[in-house]
$ cat structure.txt   # compact mmCIF, N, CA and C atoms
# COMPACT_ATOMS: atom_id res chain seq x y z
N GLU L 1 106.08 135.13 70.54
CA GLU L 1 107.03 136.12 70.07
C GLU L 1 107.63 135.70 68.72
N ARG L 2 108.05 134.44 68.58
CA ARG L 2 108.58 133.98 67.30
C ARG L 2 107.49 133.99 66.24
N MET L 3 106.28 133.59 66.61
CA MET L 3 105.17 133.58 65.65
C MET L 3 104.89 134.98 65.14
N ALA L 4 104.99 135.98 66.01
CA ALA L 4 104.78 137.36 65.59
C ALA L 4 105.85 137.78 64.59
N ALA L 5 107.08 137.35 64.79
CA ALA L 5 108.15 137.67 63.84
C ALA L 5 107.86 137.04 62.48
N PHE L 6 107.29 135.84 62.48
CA PHE L 6 106.98 135.17 61.22
C PHE L 6 105.91 135.91 60.43
N ALA L 7 105.07 136.69 61.09
CA ALA L 7 103.96 137.38 60.42
C ALA L 7 104.42 138.48 59.48
N GLN L 8 105.67 138.87 59.54
CA GLN L 8 106.17 139.94 58.67
C GLN L 8 106.36 139.39 57.25
N GLU L 9 105.75 140.06 56.29
CA GLU L 9 105.86 139.62 54.90
C GLU L 9 106.98 140.36 54.19
N GLU L 10 107.53 139.66 53.19
CA GLU L 10 108.54 140.24 52.30
C GLU L 10 109.81 140.69 53.03
N LYS L 11 110.05 140.18 54.23
CA LYS L 11 111.25 140.51 54.98
C LYS L 11 111.91 139.20 55.39
N ALA L 12 113.22 139.12 55.23
CA ALA L 12 113.92 137.90 55.61
C ALA L 12 113.93 137.76 57.13
N ILE L 13 113.39 136.64 57.61
CA ILE L 13 113.36 136.33 59.03
C ILE L 13 114.41 135.25 59.28
N ARG L 14 115.40 135.58 60.08
CA ARG L 14 116.45 134.61 60.38
C ARG L 14 115.91 133.55 61.33
N LEU L 15 116.01 132.30 60.90
CA LEU L 15 115.59 131.21 61.76
C LEU L 15 116.68 130.92 62.78
N LYS L 16 116.28 130.48 63.95
CA LYS L 16 117.24 130.14 65.00
C LYS L 16 117.72 128.72 64.77
N ILE L 17 118.37 128.54 63.63
CA ILE L 17 118.90 127.25 63.24
C ILE L 17 120.40 127.43 63.02
N GLU L 18 121.18 126.59 63.66
CA GLU L 18 122.62 126.61 63.46
C GLU L 18 123.04 125.27 62.88
N PHE L 19 124.13 125.31 62.13
CA PHE L 19 124.61 124.11 61.44
C PHE L 19 126.04 123.80 61.84
N VAL L 20 126.37 122.53 61.77
CA VAL L 20 127.74 122.08 61.90
C VAL L 20 128.51 122.67 60.72
N GLY L 21 129.70 123.17 60.96
CA GLY L 21 130.51 123.74 59.88
C GLY L 21 130.71 122.74 58.75
N GLY L 22 130.47 123.18 57.52
CA GLY L 22 130.67 122.34 56.34
C GLY L 22 129.61 121.28 56.12
N GLN L 23 128.50 121.32 56.90
CA GLN L 23 127.48 120.29 56.78
C GLN L 23 126.08 120.91 56.82
N ASP L 24 125.09 120.08 56.49
CA ASP L 24 123.70 120.51 56.57
C ASP L 24 122.99 119.89 57.77
N ILE L 25 123.75 119.62 58.83
CA ILE L 25 123.24 118.99 60.05
C ILE L 25 123.02 120.06 61.10
N TYR L 26 121.81 120.06 61.70
CA TYR L 26 121.49 121.03 62.74
C TYR L 26 122.37 120.82 63.98
N VAL L 27 122.61 121.94 64.67
CA VAL L 27 123.34 121.92 65.94
C VAL L 27 122.34 122.21 67.06
N GLY L 28 122.49 121.53 68.17
CA GLY L 28 121.73 121.84 69.37
C GLY L 28 120.24 121.70 69.19
N ASN L 29 119.50 122.71 69.62
CA ASN L 29 118.05 122.71 69.66
C ASN L 29 117.44 123.38 68.43
N SER L 30 118.15 123.38 67.34
CA SER L 30 117.74 124.12 66.15
C SER L 30 116.41 123.68 65.58
N GLU L 31 116.06 122.41 65.74
CA GLU L 31 114.80 121.94 65.14
C GLU L 31 113.57 122.62 65.75
N GLN L 32 113.71 123.25 66.91
CA GLN L 32 112.57 123.94 67.53
C GLN L 32 112.01 125.04 66.62
N ASP L 33 112.88 125.79 65.95
CA ASP L 33 112.38 126.84 65.05
C ASP L 33 111.73 126.24 63.82
N VAL L 34 112.18 125.07 63.38
CA VAL L 34 111.54 124.40 62.24
C VAL L 34 110.13 124.00 62.63
N ILE L 35 109.96 123.49 63.84
CA ILE L 35 108.64 123.10 64.33
C ILE L 35 107.73 124.32 64.44
N LEU L 36 108.24 125.42 64.99
CA LEU L 36 107.45 126.65 65.08
C LEU L 36 107.07 127.17 63.70
N LEU L 37 108.00 127.10 62.77
CA LEU L 37 107.73 127.54 61.41
C LEU L 37 106.64 126.69 60.78
N ALA L 38 106.71 125.38 60.95
CA ALA L 38 105.67 124.50 60.42
C ALA L 38 104.32 124.83 61.05
N ASP L 39 104.29 125.02 62.37
CA ASP L 39 103.04 125.38 63.04
C ASP L 39 102.47 126.67 62.48
N TYR L 40 103.33 127.66 62.27
CA TYR L 40 102.88 128.95 61.74
C TYR L 40 102.26 128.75 60.35
N LEU L 41 102.95 128.02 59.49
CA LEU L 41 102.43 127.81 58.14
C LEU L 41 101.14 127.01 58.14
N LEU L 42 101.04 126.03 59.01
CA LEU L 42 99.82 125.23 59.09
C LEU L 42 98.63 126.05 59.61
N GLN L 43 98.91 127.01 60.48
CA GLN L 43 97.85 127.87 61.02
C GLN L 43 97.50 129.03 60.07
N ASN L 44 98.35 129.27 59.07
CA ASN L 44 98.15 130.36 58.12
C ASN L 44 98.22 129.81 56.69
N PRO L 45 97.16 129.16 56.25
CA PRO L 45 97.20 128.43 54.97
C PRO L 45 97.37 129.28 53.72
N THR L 46 97.26 130.60 53.81
CA THR L 46 97.49 131.44 52.63
C THR L 46 98.94 131.88 52.50
N LYS L 47 99.76 131.56 53.50
CA LYS L 47 101.17 131.96 53.47
C LYS L 47 102.01 130.96 52.69
N THR L 48 102.97 131.50 51.95
CA THR L 48 104.00 130.68 51.32
C THR L 48 105.34 131.11 51.89
N ALA L 49 106.33 130.25 51.76
CA ALA L 49 107.65 130.54 52.33
C ALA L 49 108.76 130.20 51.36
N VAL L 50 109.69 131.14 51.22
CA VAL L 50 110.92 130.90 50.48
C VAL L 50 112.02 130.71 51.53
N ILE L 51 112.63 129.55 51.51
CA ILE L 51 113.67 129.20 52.47
C ILE L 51 115.02 129.45 51.80
N ARG L 52 115.87 130.24 52.48
CA ARG L 52 117.15 130.64 51.88
C ARG L 52 118.31 130.14 52.74
N GLY L 53 119.20 129.38 52.12
CA GLY L 53 120.36 128.86 52.83
C GLY L 53 121.60 129.71 52.59
N HIS L 54 122.45 129.79 53.63
CA HIS L 54 123.66 130.60 53.58
C HIS L 54 124.82 129.84 54.23
N VAL L 55 126.02 130.18 53.84
CA VAL L 55 127.22 129.59 54.43
C VAL L 55 128.18 130.69 54.85
N CYS L 56 129.17 130.31 55.61
CA CYS L 56 130.22 131.25 55.99
C CYS L 56 131.50 130.91 55.22
N CYS L 57 132.47 131.72 55.43
CA CYS L 57 133.87 131.43 55.10
C CYS L 57 134.22 131.47 53.62
N PHE L 58 133.64 130.65 52.81
CA PHE L 58 133.92 130.66 51.38
C PHE L 58 132.64 130.30 50.64
N ASN L 59 132.59 130.58 49.36
CA ASN L 59 131.35 130.46 48.61
C ASN L 59 131.06 129.01 48.23
N ASP L 60 130.36 128.31 49.09
CA ASP L 60 129.97 126.92 48.85
C ASP L 60 128.47 126.89 48.54
N LEU L 61 128.14 127.20 47.30
CA LEU L 61 126.74 127.25 46.88
C LEU L 61 126.02 125.92 47.10
N PRO L 62 126.61 124.77 46.74
CA PRO L 62 125.90 123.51 46.98
C PRO L 62 125.54 123.29 48.46
N LEU L 63 126.42 123.64 49.38
CA LEU L 63 126.12 123.47 50.80
C LEU L 63 124.98 124.39 51.23
N SER L 64 124.96 125.62 50.73
CA SER L 64 123.86 126.53 51.10
C SER L 64 122.52 126.00 50.60
N ILE L 65 122.52 125.37 49.44
CA ILE L 65 121.30 124.75 48.92
C ILE L 65 120.88 123.58 49.80
N LEU L 66 121.85 122.77 50.20
CA LEU L 66 121.54 121.62 51.07
C LEU L 66 120.95 122.07 52.41
N ARG L 67 121.44 123.16 52.95
CA ARG L 67 120.91 123.67 54.22
C ARG L 67 119.46 124.12 54.07
N ALA L 68 119.18 124.84 53.01
CA ALA L 68 117.79 125.27 52.76
C ALA L 68 116.90 124.06 52.50
N LYS L 69 117.41 123.10 51.77
CA LYS L 69 116.64 121.89 51.46
C LYS L 69 116.36 121.07 52.72
N ALA L 70 117.28 121.07 53.68
CA ALA L 70 117.06 120.34 54.94
C ALA L 70 115.83 120.90 55.66
N VAL L 71 115.72 122.22 55.71
CA VAL L 71 114.56 122.84 56.36
C VAL L 71 113.29 122.57 55.53
N TYR L 72 113.38 122.70 54.23
CA TYR L 72 112.26 122.41 53.33
C TYR L 72 111.75 120.99 53.56
N ARG L 73 112.66 120.03 53.56
CA ARG L 73 112.30 118.62 53.75
C ARG L 73 111.61 118.41 55.11
N ASP L 74 112.15 119.03 56.16
CA ASP L 74 111.56 118.86 57.49
C ASP L 74 110.19 119.51 57.58
N LEU L 75 109.98 120.64 56.91
CA LEU L 75 108.66 121.28 56.90
C LEU L 75 107.64 120.38 56.21
N MET L 76 108.03 119.75 55.11
CA MET L 76 107.13 118.82 54.43
C MET L 76 106.81 117.64 55.34
N TYR L 77 107.82 117.12 56.03
CA TYR L 77 107.62 116.02 56.96
C TYR L 77 106.62 116.40 58.06
N LEU L 78 106.65 117.67 58.46
CA LEU L 78 105.75 118.15 59.51
C LEU L 78 104.36 118.55 58.98
N GLY L 79 104.11 118.33 57.69
CA GLY L 79 102.77 118.51 57.16
C GLY L 79 102.53 119.71 56.26
N VAL L 80 103.56 120.52 56.00
CA VAL L 80 103.38 121.68 55.12
C VAL L 80 103.46 121.19 53.67
N HIS L 81 102.45 121.54 52.88
CA HIS L 81 102.42 121.09 51.48
C HIS L 81 103.56 121.73 50.69
N PRO L 82 104.25 120.95 49.87
CA PRO L 82 105.39 121.49 49.11
C PRO L 82 105.04 122.62 48.15
N SER L 83 103.77 122.72 47.75
CA SER L 83 103.38 123.81 46.86
C SER L 83 103.48 125.18 47.54
N ARG L 84 103.58 125.18 48.86
CA ARG L 84 103.67 126.44 49.62
C ARG L 84 105.12 126.78 49.97
N LEU L 85 106.05 125.95 49.53
CA LEU L 85 107.45 126.12 49.90
C LEU L 85 108.35 126.15 48.68
N SER L 86 109.41 126.90 48.80
CA SER L 86 110.50 126.83 47.82
C SER L 86 111.79 127.09 48.59
N TYR L 87 112.90 126.73 47.98
CA TYR L 87 114.18 126.94 48.65
C TYR L 87 115.25 127.28 47.64
N ASN L 88 116.27 127.95 48.13
CA ASN L 88 117.41 128.31 47.29
C ASN L 88 118.61 128.53 48.18
N GLY L 89 119.78 128.40 47.62
CA GLY L 89 121.02 128.67 48.33
C GLY L 89 121.70 129.90 47.77
N TYR L 90 122.41 130.61 48.63
CA TYR L 90 123.07 131.85 48.23
C TYR L 90 124.55 131.87 48.56
N GLY L 91 125.10 130.71 48.91
CA GLY L 91 126.52 130.68 49.25
C GLY L 91 126.82 131.65 50.38
N ASN L 92 127.90 132.40 50.21
CA ASN L 92 128.26 133.41 51.22
C ASN L 92 128.06 134.83 50.68
N THR L 93 127.11 134.99 49.77
CA THR L 93 126.90 136.28 49.12
C THR L 93 126.10 137.27 49.96
N MET L 94 125.51 136.82 51.08
CA MET L 94 124.69 137.69 51.91
C MET L 94 125.08 137.58 53.39
N PRO L 95 126.32 137.87 53.73
CA PRO L 95 126.70 137.75 55.16
C PRO L 95 125.96 138.79 55.99
N ILE L 96 125.70 138.43 57.26
CA ILE L 96 125.05 139.38 58.16
C ILE L 96 126.06 140.00 59.12
N THR L 97 127.28 139.50 59.10
CA THR L 97 128.34 140.07 59.93
C THR L 97 129.70 139.72 59.34
N GLU L 98 130.70 140.50 59.69
CA GLU L 98 132.07 140.20 59.29
C GLU L 98 132.54 138.99 60.09
N GLU L 99 133.20 138.07 59.44
CA GLU L 99 133.64 136.84 60.09
C GLU L 99 135.04 137.03 60.68
N VAL L 100 135.08 137.09 62.01
CA VAL L 100 136.36 137.27 62.70
C VAL L 100 136.67 136.12 63.66
N ASP L 101 135.66 135.31 63.99
CA ASP L 101 135.86 134.19 64.90
C ASP L 101 134.74 133.17 64.66
N GLU L 102 134.75 132.08 65.41
CA GLU L 102 133.75 131.03 65.21
C GLU L 102 132.33 131.54 65.46
N GLU L 103 132.15 132.40 66.43
CA GLU L 103 130.81 132.94 66.72
C GLU L 103 130.24 133.71 65.54
N THR L 104 131.05 134.56 64.92
CA THR L 104 130.56 135.34 63.78
C THR L 104 130.40 134.46 62.54
N ARG L 105 131.23 133.45 62.39
CA ARG L 105 131.03 132.51 61.27
C ARG L 105 129.72 131.76 61.44
N GLN L 106 129.40 131.38 62.69
CA GLN L 106 128.15 130.66 62.95
C GLN L 106 126.94 131.53 62.61
N LEU L 107 127.03 132.84 62.82
CA LEU L 107 125.93 133.73 62.47
C LEU L 107 125.65 133.73 60.97
N ASN L 108 126.69 133.60 60.17
CA ASN L 108 126.52 133.59 58.71
C ASN L 108 126.13 132.21 58.19
N ARG L 109 126.32 131.18 58.98
CA ARG L 109 126.00 129.80 58.64
C ARG L 109 124.55 129.58 59.07
N ARG L 110 123.59 129.96 58.20
CA ARG L 110 122.21 130.09 58.65
C ARG L 110 121.21 129.79 57.54
N VAL L 111 119.95 129.80 57.95
CA VAL L 111 118.81 129.74 57.04
C VAL L 111 117.85 130.85 57.45
N ASP L 112 117.31 131.54 56.46
CA ASP L 112 116.25 132.51 56.74
C ASP L 112 115.06 132.21 55.83
N VAL L 113 113.98 132.88 56.10
CA VAL L 113 112.75 132.61 55.34
C VAL L 113 112.06 133.94 55.02
N ILE L 114 111.45 133.98 53.85
CA ILE L 114 110.66 135.14 53.45
C ILE L 114 109.25 134.63 53.17
N PHE L 115 108.27 135.24 53.83
CA PHE L 115 106.87 134.85 53.67
C PHE L 115 106.16 135.78 52.70
N SER L 116 105.16 135.24 52.05
CA SER L 116 104.24 136.06 51.27
C SER L 116 102.88 135.37 51.28
N ASN L 117 101.88 136.08 50.79
CA ASN L 117 100.55 135.48 50.69
C ASN L 117 100.39 134.83 49.33
N SER L 118 99.77 133.68 49.30
CA SER L 118 99.57 132.98 48.04
C SER L 118 98.37 133.52 47.27
N ASN L 119 97.59 134.36 47.90
CA ASN L 119 96.40 134.94 47.22
C ASN L 119 96.79 136.09 46.34
$ encode --input "structure.txt" --output "structure tokens"
Amino acid sequence: ERMAAFAQEEKAIRLKIEFVGGQDIYVGNSEQDVILLADYLLQNPTKTAVIRGHVCCFNDLPLSILRAKAVYRDLMYLGVHPSRLSYNGYGNTMPITEEVDEETRQLNRRVDVIFSNSN
């Protein structure tokens, strides 16, 4: 099911990765989606991925970059060639929900990915 979601091109796919507030450290079982993402990219060698980091609460662009870079670094560690990956941070400029409590802040504290074909 997750692999099927990854097959969509040019659409931001939200990874099931959560972060500790104010940090680039994964919470809970978040690395599972990184492993699935690496498997997908390794099985689809013509795909490239743009990893996009986001934060909640206030515009912390450096932290959003660090979050995207954490996923980028882990994908390389899992065998995905860096030429197929790029990353960027967007601060809090692309919220997916209004922040009214910790749960909604956690939704905005995320990483998503956009796939395309390298051909």
$ atom_distance --input "structure.txt" --atom1 "atom C of Tyr90 of chain L" --atom2 "atom N of Leu66 of chain L"
9.6 Å
$ residues_around --input "structure.txt" --residues "segment 17-32 of chain L" --least-positions-apart "5" --cutoff "7 Å" --atoms "all atoms listed in the file" --output "list in words"
Leu37, Leu63, Leu66, Arg67, Ala70, Gln106, Arg109, Arg110 and Val111 of chain L
$ residues_around --input "structure.txt" --residues "segment 52-54 of chain L" --least-positions-apart "3" --cutoff "6 Å" --atoms "only N, CA and C atoms" --output "PDB file with N, CA and C atoms, keeping the file's coordinate frame"
ATOM      1  N   SER L  64     124.960 125.620  50.730  1.00  0.00           N
ATOM      2  CA  SER L  64     123.860 126.530  51.100  1.00  0.00           C
ATOM      3  C   SER L  64     122.520 126.000  50.600  1.00  0.00           C
ATOM      4  N   ILE L  65     122.520 125.370  49.440  1.00  0.00           N
ATOM      5  CA  ILE L  65     121.300 124.750  48.920  1.00  0.00           C
ATOM      6  C   ILE L  65     120.880 123.580  49.800  1.00  0.00           C
ATOM      7  N   ARG L  67     121.440 123.160  52.950  1.00  0.00           N
ATOM      8  CA  ARG L  67     120.910 123.670  54.220  1.00  0.00           C
ATOM      9  C   ARG L  67     119.460 124.120  54.070  1.00  0.00           C
ATOM     10  N   ALA L  68     119.180 124.840  53.010  1.00  0.00           N
ATOM     11  CA  ALA L  68     117.790 125.270  52.760  1.00  0.00           C
ATOM     12  C   ALA L  68     116.900 124.060  52.500  1.00  0.00           C
ATOM     13  N   TYR L  87     112.900 126.730  47.980  1.00  0.00           N
ATOM     14  CA  TYR L  87     114.180 126.940  48.650  1.00  0.00           C
ATOM     15  C   TYR L  87     115.250 127.280  47.640  1.00  0.00           C
ATOM     16  N   ASN L  88     116.270 127.950  48.130  1.00  0.00           N
ATOM     17  CA  ASN L  88     117.410 128.310  47.290  1.00  0.00           C
ATOM     18  C   ASN L  88     118.610 128.530  48.180  1.00  0.00           C
ATOM     19  N   GLY L  89     119.780 128.400  47.620  1.00  0.00           N
ATOM     20  CA  GLY L  89     121.020 128.670  48.330  1.00  0.00           C
ATOM     21  C   GLY L  89     121.700 129.900  47.770  1.00  0.00           C
ATOM     22  N   TYR L  90     122.410 130.610  48.630  1.00  0.00           N
ATOM     23  CA  TYR L  90     123.070 131.850  48.230  1.00  0.00           C
ATOM     24  C   TYR L  90     124.550 131.870  48.560  1.00  0.00           C
ATOM     25  N   GLY L  91     125.100 130.710  48.910  1.00  0.00           N
ATOM     26  CA  GLY L  91     126.520 130.680  49.250  1.00  0.00           C
ATOM     27  C   GLY L  91     126.820 131.650  50.380  1.00  0.00           C
ATOM     28  N   ASN L  92     127.900 132.400  50.210  1.00  0.00           N
ATOM     29  CA  ASN L  92     128.260 133.410  51.220  1.00  0.00           C
ATOM     30  C   ASN L  92     128.060 134.830  50.680  1.00  0.00           C
ATOM     31  N   ASN L 108     126.690 133.600  60.170  1.00  0.00           N
ATOM     32  CA  ASN L 108     126.520 133.590  58.710  1.00  0.00           C
ATOM     33  C   ASN L 108     126.130 132.210  58.190  1.00  0.00           C
ATOM     34  N   ARG L 109     126.320 131.180  58.980  1.00  0.00           N
ATOM     35  CA  ARG L 109     126.000 129.800  58.640  1.00  0.00           C
ATOM     36  C   ARG L 109     124.550 129.580  59.070  1.00  0.00           C
ATOM     37  N   ARG L 110     123.590 129.960  58.200  1.00  0.00           N
ATOM     38  CA  ARG L 110     122.210 130.090  58.650  1.00  0.00           C
ATOM     39  C   ARG L 110     121.210 129.790  57.540  1.00  0.00           C
ATOM     40  N   VAL L 111     119.950 129.800  57.950  1.00  0.00           N
ATOM     41  CA  VAL L 111     118.810 129.740  57.040  1.00  0.00           C
ATOM     42  C   VAL L 111     117.850 130.850  57.450  1.00  0.00           C
ATOM     43  N   ASP L 112     117.310 131.540  56.460  1.00  0.00           N
ATOM     44  CA  ASP L 112     116.250 132.510  56.740  1.00  0.00           C
ATOM     45  C   ASP L 112     115.060 132.210  55.830  1.00  0.00           C
ATOM     46  N   VAL L 113     113.980 132.880  56.100  1.00  0.00           N
ATOM     47  CA  VAL L 113     112.750 132.610  55.340  1.00  0.00           C
ATOM     48  C   VAL L 113     112.060 133.940  55.020  1.00  0.00           C
ATOM     49  N   ILE L 114     111.450 133.980  53.850  1.00  0.00           N
ATOM     50  CA  ILE L 114     110.660 135.140  53.450  1.00  0.00           C
ATOM     51  C   ILE L 114     109.250 134.630  53.170  1.00  0.00           C
TER      52      ILE L 114
END
$ atom_distance --input "structure.txt" --atom1 "atom CA of Leu15 of chain L" --atom2 "atom CA of Val34 of chain L"
7.9 Å
$ atom_distance --input "structure.txt" --atom1 "atom CA of Ser116 of chain L" --atom2 "atom CA of Met94 of chain L"
20.5 Å
$ residues_around --input "structure.txt" --residues "Leu78 of chain L" --least-positions-apart "6" --cutoff "8 Å" --atoms "all atoms listed in the file" --output "ChimeraX atom specification"
/L:34-35,38-39,72
$ select_by_dssp --input "structure.txt" --residues "chain L" --states "strand (DSSP E)" --output "list in words"
Ile13, Arg14, Lys47, Thr48, Ala49, Val50, Ile51, Arg52, Gly53, Leu85, Ser86, Tyr87, Asn88, Gly89, Val111, Asp112, Val113, Ile114, Phe115, Ser116 and Asn117 of chain L
$ select_by_dssp --input "structure.txt" --residues "chain L" --states "helix (DSSP H, G or I)" --output "NGL selection string"
:L and (2-6 or 31-43 or 61-77 or 82-84 or 102-108)
$ residues_around --input "structure.txt" --residues "Lys47 of chain L" --least-positions-apart "6" --cutoff "7 Å" --atoms "all atoms listed in the file" --output "JSON, numbers by chain"
{"L": [41, 84, 115, 116, 117, 118, 119]}
$ axis_aligned_box --input "structure.txt" --around "segment 57-70 of chain L" --padding-each-side "4 Å" --output "lines of an AutoDock Vina configuration file"
center_x = 125.0
center_y = 126.0
center_z = 51.2
size_x = 26.4
size_y = 19.4
size_z = 16.9
$ closest_residue --input "structure.txt" --among "L:Pro45, L:Thr93, L:Ser86, L:Lys11" --to "Asp60 of chain L" --atoms "all atoms listed in the file"
L:Thr93
